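data-v1.cif follows (mmCIF, C-alpha atoms (C1' of nucleotides)):
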```
data_structure
loop_
_atom_site.label_atom_id
_atom_site.label_comp_id
_atom_site.auth_asym_id
_atom_site.auth_seq_id
_atom_site.Cartn_x
_atom_site.Cartn_y
_atom_site.Cartn_z
CA MET A 7 -8.72 -61.80 -172.17
CA ALA A 8 -11.07 -60.41 -169.58
CA SER A 9 -10.87 -61.53 -165.96
CA GLU A 10 -13.64 -63.63 -164.46
CA ARG A 11 -14.89 -60.51 -162.75
CA ILE A 12 -15.25 -58.65 -166.02
CA LYS A 13 -16.80 -61.63 -167.81
CA GLU A 14 -19.40 -61.90 -165.11
CA PHE A 15 -20.08 -58.17 -165.33
CA ILE A 16 -20.62 -58.33 -169.08
CA ALA A 17 -22.74 -61.48 -168.84
CA SER A 18 -25.06 -59.81 -166.34
CA SER A 19 -25.17 -56.41 -168.06
CA LEU A 20 -28.33 -55.27 -169.80
CA TRP A 21 -26.90 -55.85 -173.26
CA GLY A 22 -24.40 -58.64 -172.55
CA LYS A 23 -26.98 -61.04 -171.23
CA ASN A 24 -28.74 -61.04 -174.58
CA LEU A 25 -25.70 -61.83 -176.73
CA THR A 26 -25.16 -65.25 -178.23
CA ALA A 27 -22.48 -67.37 -176.59
CA GLU A 28 -20.27 -66.80 -179.59
CA GLN A 29 -20.68 -63.05 -179.47
CA ARG A 30 -19.99 -62.96 -175.77
CA ARG A 31 -16.83 -64.98 -176.25
CA ARG A 32 -15.48 -62.36 -178.61
CA VAL A 33 -16.41 -59.52 -176.27
CA ASP A 34 -14.77 -61.35 -173.36
CA ASN A 35 -11.64 -61.78 -175.42
CA GLU A 36 -11.32 -58.15 -176.37
CA THR A 37 -12.45 -56.41 -173.22
CA SER A 38 -9.84 -55.34 -170.72
CA GLU A 39 -9.99 -54.06 -167.18
CA LEU A 40 -8.88 -50.84 -165.58
CA VAL A 41 -8.62 -50.21 -161.87
CA ALA A 42 -8.73 -46.52 -161.04
CA SER A 43 -8.13 -44.97 -157.66
CA ALA A 44 -10.24 -42.14 -156.30
CA GLY A 45 -9.65 -38.89 -158.14
CA GLN A 46 -7.87 -40.50 -161.06
CA THR A 47 -8.76 -39.35 -164.55
CA VAL A 48 -9.60 -42.49 -166.48
CA CYS A 49 -9.71 -40.81 -169.83
CA HIS A 50 -8.56 -37.30 -170.65
CA ARG A 51 -10.37 -34.84 -172.78
CA GLY A 52 -8.76 -34.38 -176.17
CA VAL A 53 -7.78 -38.02 -176.65
CA ARG A 54 -9.28 -40.08 -179.46
CA SER A 55 -11.97 -42.32 -178.05
CA GLU A 56 -10.67 -45.86 -178.15
CA TYR A 57 -12.95 -47.45 -175.61
CA TRP A 58 -16.46 -47.71 -174.35
CA TYR A 59 -16.46 -47.83 -170.58
CA GLY A 60 -18.49 -49.97 -168.22
CA VAL A 61 -18.45 -49.22 -164.50
CA VAL A 62 -17.99 -52.54 -162.72
CA GLU A 63 -17.70 -51.05 -159.29
CA GLY A 64 -17.30 -47.58 -157.86
CA LEU A 65 -18.48 -44.30 -159.29
CA VAL A 66 -17.23 -42.14 -162.15
CA LYS A 67 -18.22 -38.77 -163.49
CA VAL A 68 -18.03 -37.08 -166.85
CA SER A 69 -16.75 -33.59 -166.28
CA ASN A 70 -15.25 -30.59 -167.89
CA VAL A 71 -12.99 -27.85 -166.64
CA SER A 72 -13.78 -24.50 -168.12
CA ARG A 73 -11.03 -22.19 -169.27
CA SER A 74 -11.51 -20.17 -166.12
CA GLY A 75 -10.90 -23.31 -164.10
CA ARG A 76 -14.45 -23.90 -162.97
CA PRO A 77 -15.25 -27.62 -162.87
CA THR A 78 -18.63 -28.77 -164.14
CA THR A 79 -19.92 -32.29 -163.85
CA LEU A 80 -22.28 -33.37 -166.60
CA VAL A 81 -23.29 -36.79 -165.40
CA GLY A 82 -22.38 -39.37 -162.77
CA ILE A 83 -22.29 -43.09 -163.53
CA PRO A 84 -22.53 -45.67 -160.75
CA ALA A 85 -21.77 -49.38 -160.95
CA GLY A 86 -23.62 -51.11 -163.76
CA GLY A 87 -23.55 -48.08 -166.04
CA TRP A 88 -21.89 -47.53 -169.41
CA ILE A 89 -20.35 -44.34 -170.69
CA GLY A 90 -18.62 -42.94 -173.74
CA GLU A 91 -20.75 -44.43 -176.53
CA GLY A 92 -21.34 -40.98 -177.98
CA SER A 93 -17.71 -40.38 -178.80
CA VAL A 94 -17.07 -43.93 -179.92
CA LEU A 95 -20.05 -43.76 -182.27
CA LYS A 96 -18.76 -40.60 -183.86
CA ASN A 97 -15.12 -41.67 -183.67
CA GLU A 98 -14.27 -38.28 -182.30
CA ILE A 99 -11.86 -36.72 -179.88
CA ARG A 100 -13.31 -37.15 -176.42
CA PRO A 101 -14.79 -33.81 -175.40
CA TYR A 102 -14.83 -34.48 -171.64
CA ASP A 103 -12.80 -36.02 -168.88
CA VAL A 104 -13.92 -39.25 -167.29
CA VAL A 105 -12.87 -39.19 -163.64
CA ALA A 106 -13.20 -41.81 -160.91
CA LEU A 107 -14.89 -40.29 -157.87
CA ARG A 108 -13.68 -43.12 -155.71
CA ASP A 109 -11.79 -46.36 -156.17
CA SER A 110 -13.41 -47.92 -159.20
CA ARG A 111 -13.10 -50.85 -161.55
CA LEU A 112 -13.88 -50.37 -165.23
CA ALA A 113 -14.46 -52.62 -168.21
CA LEU A 114 -12.89 -51.31 -171.43
CA VAL A 115 -14.62 -52.38 -174.62
CA PRO A 116 -12.51 -51.37 -177.66
CA ALA A 117 -14.16 -49.15 -180.26
CA SER A 118 -13.74 -51.89 -182.89
CA THR A 119 -15.62 -54.37 -180.70
CA PHE A 120 -18.29 -51.77 -180.08
CA HIS A 121 -18.82 -51.18 -183.78
CA TRP A 122 -18.86 -54.89 -184.46
CA LEU A 123 -21.61 -55.35 -181.85
CA LEU A 124 -23.48 -52.48 -183.40
CA SER A 125 -23.53 -54.21 -186.76
CA THR A 126 -24.26 -57.73 -185.54
CA SER A 127 -26.39 -57.65 -182.41
CA LEU A 128 -29.98 -56.47 -182.31
CA PRO A 129 -30.17 -56.59 -178.47
CA PHE A 130 -27.08 -54.40 -178.36
CA ASN A 131 -28.72 -51.82 -180.58
CA ARG A 132 -31.84 -52.00 -178.47
CA PHE A 133 -29.77 -51.31 -175.37
CA LEU A 134 -28.06 -48.35 -176.98
CA ILE A 135 -31.36 -46.81 -177.99
CA ASP A 136 -32.71 -47.23 -174.47
CA GLN A 137 -29.57 -45.73 -173.00
CA LEU A 138 -29.49 -42.73 -175.33
CA ASN A 139 -33.20 -42.20 -174.80
CA ALA A 140 -32.80 -42.26 -171.04
CA ARG A 141 -29.96 -39.75 -171.26
CA LEU A 142 -32.03 -37.50 -173.45
CA ALA A 143 -34.91 -37.57 -170.95
CA GLN A 144 -32.45 -36.83 -168.18
CA PHE A 145 -31.14 -33.73 -169.90
CA VAL A 146 -34.57 -32.53 -170.97
CA ILE A 147 -35.66 -32.51 -167.34
CA ARG A 148 -32.48 -30.68 -166.47
CA VAL A 149 -33.25 -27.93 -168.94
CA GLU A 150 -36.71 -27.64 -167.40
CA HIS A 151 -35.21 -27.33 -163.94
CA SER A 152 -32.65 -24.80 -165.05
CA ARG A 153 -35.45 -22.48 -166.07
CA SER A 154 -37.27 -22.63 -162.77
CA PHE A 155 -35.16 -22.24 -159.71
CA HIS A 156 -35.97 -25.32 -157.65
CA PRO A 157 -32.68 -26.68 -156.36
CA ASP A 158 -34.39 -29.24 -154.09
CA ARG A 159 -36.22 -30.74 -157.04
CA HIS A 160 -33.16 -30.63 -159.17
CA VAL A 161 -30.96 -32.40 -156.64
CA ALA A 162 -33.71 -34.98 -156.12
CA HIS A 163 -33.81 -35.62 -159.84
CA CYS A 164 -30.05 -36.01 -160.17
CA LEU A 165 -29.98 -38.48 -157.30
CA ALA A 166 -32.95 -40.39 -158.66
CA GLU A 167 -31.11 -40.71 -161.98
CA LEU A 168 -28.07 -42.06 -160.17
CA PHE A 169 -30.28 -44.81 -158.77
CA ASN A 170 -32.08 -45.47 -162.02
CA THR A 171 -32.33 -49.26 -161.90
CA ALA A 172 -33.22 -49.43 -165.59
CA LEU A 173 -29.84 -47.93 -166.50
CA TYR A 174 -27.73 -49.14 -163.61
CA PRO A 175 -29.00 -52.51 -162.43
CA GLY A 176 -26.06 -53.02 -160.14
CA THR A 177 -26.45 -49.91 -158.02
CA ALA A 178 -26.78 -50.55 -154.31
CA THR A 179 -29.07 -48.35 -152.22
CA THR A 180 -26.10 -46.81 -150.47
CA LEU A 181 -23.65 -44.69 -152.41
CA GLN A 182 -20.37 -43.28 -151.23
CA ILE A 183 -20.36 -39.72 -152.42
CA SER A 184 -19.66 -36.42 -150.70
CA GLN A 185 -22.13 -33.57 -150.66
CA GLU A 186 -19.60 -31.54 -152.58
CA GLU A 187 -19.67 -34.04 -155.44
CA ILE A 188 -23.45 -34.12 -155.36
CA ALA A 189 -23.33 -30.34 -155.72
CA PHE A 190 -21.02 -30.62 -158.75
CA LEU A 191 -23.27 -33.28 -160.19
CA ALA A 192 -26.40 -31.19 -159.83
CA GLY A 193 -24.67 -27.98 -160.80
CA VAL A 194 -25.65 -26.18 -157.62
CA SER A 195 -23.62 -24.74 -154.77
CA ARG A 196 -22.61 -26.98 -151.92
CA GLN A 197 -24.86 -25.00 -149.60
CA LEU A 198 -27.89 -25.65 -151.76
CA ALA A 199 -26.99 -29.31 -152.11
CA ASN A 200 -26.66 -29.53 -148.33
CA ARG A 201 -30.01 -27.86 -147.82
CA ALA A 202 -31.69 -30.07 -150.42
CA LEU A 203 -30.27 -33.24 -148.92
CA ARG A 204 -31.58 -32.40 -145.47
CA ARG A 205 -34.95 -31.50 -146.92
CA LEU A 206 -35.06 -34.84 -148.69
CA GLU A 207 -34.03 -36.56 -145.50
CA ASP A 208 -36.88 -34.83 -143.68
CA GLU A 209 -39.20 -36.15 -146.34
CA LYS A 210 -37.88 -39.65 -145.57
CA LEU A 211 -36.73 -40.14 -149.15
CA LEU A 212 -33.11 -40.76 -148.28
CA GLN A 213 -30.69 -40.85 -145.40
CA VAL A 214 -27.53 -38.81 -145.33
CA SER A 215 -24.43 -39.76 -143.40
CA TYR A 216 -20.78 -38.83 -143.43
CA GLY A 217 -19.50 -39.27 -146.97
CA SER A 218 -22.44 -41.27 -148.21
CA ILE A 219 -26.16 -41.30 -148.82
CA ARG A 220 -28.69 -44.10 -148.67
CA ILE A 221 -31.76 -43.97 -150.85
CA ILE A 222 -34.89 -45.03 -149.03
CA ASN A 223 -37.45 -44.52 -151.77
CA VAL A 224 -36.36 -43.93 -155.37
CA GLU A 225 -39.89 -43.67 -156.69
CA ALA A 226 -40.84 -41.03 -154.14
CA LEU A 227 -37.62 -39.21 -154.99
CA ARG A 228 -38.61 -39.16 -158.63
CA THR A 229 -42.07 -37.96 -157.74
CA PHE A 230 -40.63 -35.23 -155.56
CA ALA A 231 -38.49 -34.05 -158.46
CA SER A 232 -41.56 -33.38 -160.58
CA ASN A 233 -44.29 -32.81 -157.96
CA PRO A 234 -42.99 -30.95 -154.94
CA GLU A 235 -45.39 -30.26 -152.09
CA ASP A 236 -44.29 -26.70 -151.49
"C1'" DT B 18 -6.29 -50.82 -127.60
"C1'" DC B 19 -6.11 -46.06 -126.87
"C1'" DA B 20 -4.72 -41.26 -127.56
"C1'" DT B 21 -3.09 -37.87 -130.79
"C1'" DT B 22 -3.02 -35.74 -135.18
"C1'" DA B 23 -4.12 -34.95 -139.89
"C1'" DA B 24 -7.37 -34.98 -143.53
"C1'" DA B 25 -11.90 -35.03 -145.31
"C1'" DT B 26 -16.51 -33.71 -144.97
"C1'" DT B 27 -20.28 -31.16 -143.24
"C1'" DG B 28 -22.73 -27.06 -141.14
"C1'" DT B 29 -23.13 -22.14 -141.02
"C1'" DT B 30 -22.66 -17.30 -142.14
"C1'" DA C 24 -16.04 -17.83 -150.22
"C1'" DA C 25 -14.53 -18.37 -145.65
"C1'" DC C 26 -14.58 -20.41 -141.27
"C1'" DA C 27 -15.92 -23.59 -137.50
"C1'" DA C 28 -17.45 -28.08 -136.13
"C1'" DT C 29 -17.60 -32.86 -136.83
"C1'" DT C 30 -16.29 -37.46 -138.52
"C1'" DT C 31 -13.03 -40.61 -140.19
"C1'" DA C 32 -8.41 -42.44 -141.09
"C1'" DA C 33 -3.66 -42.84 -139.87
"C1'" DT C 34 -0.07 -43.09 -136.69
"C1'" DG C 35 2.48 -44.57 -132.93
"C1'" DA C 36 3.03 -45.73 -128.08
#
```
This structure in structure tokens:
Amino acid sequence: MASERIKEFIASSLWGKNLTAEQRRRVDNETSELVASAGQTVCHRGVRSEYWYGVVEGLVKVSNVSRSGRPTTLVGIPAGGWIGEGSVLKNEIRPYDVVALRDSRLALVPASTFHWLLSTSLPFNRFLIDQLNARLAQFVIRVEHSRSFHPDRHVAHCLAELFNTALYPGTATTLQISQEEIAFLAGVSRQLANRALRRLEDEKLLQVSYGSIRIINVEALRTFASNPED
DNA sequence: TCATTAAATTGTT
DNA sequence: AACAATTTAATGA
């Protein structure tokens, strides 16, 4: 049985709020909670995907360590976001690690519950389509950026995605994250991330401080990512 | 509460 | 990648 905290999280989530009372009762019953401390791997690569994860508070990343030991972060998920539906849908071995970037609280929806929702709830399906579509758009833009070397734009885009209110309604304007992690997230060097952040601060799009950033204008950040004035 | 030290993060080459 | 500078957290008087 989920804690009050988790119940509230589900009830206010983009898909949970549209379930019937009966459906929500079942989800509440079957969802569990996981508290992860900073740096902890929530779910290891190579394990069969048993859960769909919701980020109640904190920040997690989906990452991969190459054979040569180089870490690559594919996507960051702040509070309010959901992750892991791809593997649960395909019932496959999880291809990536899910790691907590700082102390985080997660909601664990079992794969069986997930599939039941998929076959009974139209709003749930709608949410999944929106989520997958948003991810697709995110990666399409990334491919575009990877072909033209514009690290400032790219970092701006990655940050804007992190503050995407359509995907992560719970995200506050301030996020605790180091510049090093932002660099991993954007797939650029720390130097470039540092340079981009100060450029974006100059443009009054965000404010950087020790170990955290505050977004001042998400829309402008998005615009900057696609329409730089340089 | 304050000073000292270690650890984390940032700035620079 | 390496190093220096800065900020925060932890410790103990």
- Message: Can you tell me which residues surround segment 88-98 of chain A at a distance of at most 8 Å, considering all atoms listed in the file, apart from same-chain residues fewer than 5 positions away, and format the answer as a PyMOL selection string?
- Response: chain A and resi 54-61+83+117+120-121
- Message: Show me, as a VMD selection string, the residues that have an atom within 12 Å of DT30 of chain B when counting all atoms listed in the file, minus same-chain residues fewer than 3 positions from it.
- Response: (chain A and resid 197) or (chain C and resid 24 to 27)
For the selection just defined, write its residues with C-alpha atoms (C1' of nucleotides) to a file, as a short mmCIF file (atom, residue, chain, number, x, y, z; two decimals), in the coordinates of the input.
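Heads up, here's the output in out.cif:
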```cif
data_model
loop_
_atom_site.label_atom_id
_atom_site.label_comp_id
_atom_site.auth_asym_id
_atom_site.auth_seq_id
_atom_site.Cartn_x
_atom_site.Cartn_y
_atom_site.Cartn_z
CA GLN A 197 -24.86 -25.00 -149.60
"C1'" DA C 24 -16.04 -17.83 -150.22
"C1'" DA C 25 -14.53 -18.37 -145.65
"C1'" DC C 26 -14.58 -20.41 -141.27
"C1'" DA C 27 -15.92 -23.59 -137.50
#
```
Can you check which parts of chain C lie within 12 Å of chain A? Per residue, the shortest pair of atoms and distance in Å to one decimal, counting only C-alpha atoms (C1' of nucleotides), sorted by chain and number, as a tab-separated table.
```
residue	atom	partner	partner_atom	distance
C:DA24	C1'	A:Ser195	CA	11.2
C:DT29	C1'	A:Tyr216	CA	9.5
C:DT30	C1'	A:Tyr216	CA	6.8
C:DT31	C1'	A:Tyr216	CA	8.6
```
- Name the residues captured by the PyMOL selection byres ((chain B) within 12 of (chain A)) when it is applied to the shown file; answer as a PyMOL selection string. chain B and resi 25-30
Evaluate the PyMOL selection byres ((chain A and resi 220-226) around 9) on the structure here and hand back the selected residues as an mmCIF file with C-alpha atoms, in the frame of the given file.
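Output saved as expr_14.cif:
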```
data_model
loop_
_atom_site.group_PDB
_atom_site.id
_atom_site.type_symbol
_atom_site.label_atom_id
_atom_site.label_comp_id
_atom_site.auth_asym_id
_atom_site.auth_seq_id
_atom_site.Cartn_x
_atom_site.Cartn_y
_atom_site.Cartn_z
ATOM 1 C CA LEU A 165 -29.980 -38.480 -157.300
ATOM 2 C CA ALA A 166 -32.950 -40.390 -158.660
ATOM 3 C CA PHE A 169 -30.280 -44.810 -158.770
ATOM 4 C CA ASN A 170 -32.080 -45.470 -162.020
ATOM 5 C CA ALA A 178 -26.780 -50.550 -154.310
ATOM 6 C CA THR A 179 -29.070 -48.350 -152.220
ATOM 7 C CA THR A 180 -26.100 -46.810 -150.470
ATOM 8 C CA LEU A 181 -23.650 -44.690 -152.410
ATOM 9 C CA GLN A 182 -20.370 -43.280 -151.230
ATOM 10 C CA LYS A 210 -37.880 -39.650 -145.570
ATOM 11 C CA LEU A 211 -36.730 -40.140 -149.150
ATOM 12 C CA LEU A 212 -33.110 -40.760 -148.280
ATOM 13 C CA GLN A 213 -30.690 -40.850 -145.400
ATOM 14 C CA VAL A 214 -27.530 -38.810 -145.330
ATOM 15 C CA SER A 215 -24.430 -39.760 -143.400
ATOM 16 C CA SER A 218 -22.440 -41.270 -148.210
ATOM 17 C CA ILE A 219 -26.160 -41.300 -148.820
ATOM 18 C CA LEU A 227 -37.620 -39.210 -154.990
ATOM 19 C CA ARG A 228 -38.610 -39.160 -158.630
ATOM 20 C CA THR A 229 -42.070 -37.960 -157.740
ATOM 21 C CA PHE A 230 -40.630 -35.230 -155.560
ATOM 22 C CA ALA A 231 -38.490 -34.050 -158.460
#
```
- Report as a ChimeraX atom specification the full result of the PyMOL selection byres ((chain C and resi 32) around 9) when it is applied to this structure. /B:23-24 /C:31,33
Would you save the residues from that selection as a PDB file, in the frame of the given file, using C-alpha atoms (C1' of nucleotides)?
```
ATOM      1  C1'  DA B  23      -4.120 -34.950-139.890  1.00  0.00           C
ATOM      2  C1'  DA B  24      -7.370 -34.980-143.530  1.00  0.00           C
TER       3       DA B  24
ATOM      4  C1'  DT C  31     -13.030 -40.610-140.190  1.00  0.00           C
ATOM      5  C1'  DA C  33      -3.660 -42.840-139.870  1.00  0.00           C
TER       6       DA C  33
END
```
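If you look at atom CA of Leu114 of chain A and atom CA of Glu63 of chain A, they are 13.1 Å away from each other.
Nearest to Leu20 of chain A of all the residues A:Asp136, A:Asp109, A:Glu150, A:Glu209 is A:Asp136, based on only C-alpha atoms.
We find atom CA of Thr177 of chain A and atom CA of Gln137 of chain A to be spaced 15.9 Å apart.
Here atom CA of Leu134 of chain A stands at a distance of 17.2 Å from atom CA of Phe15 of chain A.
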- Shell of 12 Å around DC19 of chain B, all atoms listed in the file, local chain residues under 2 positions omitted, as a count of residues only: 4
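The closest residue to His151 of chain A, picked from A:Val71, A:Ala192, A:Gly86, A:Trp122 and counting all atoms listed in the file, is A:Ala192.
In terms of minimum interatomic distance to Arg111 of chain A, A:Ser9 ranks closest within A:Ser19, A:Asn139, A:Ser9, A:Ser69, counting all atoms listed in the file.
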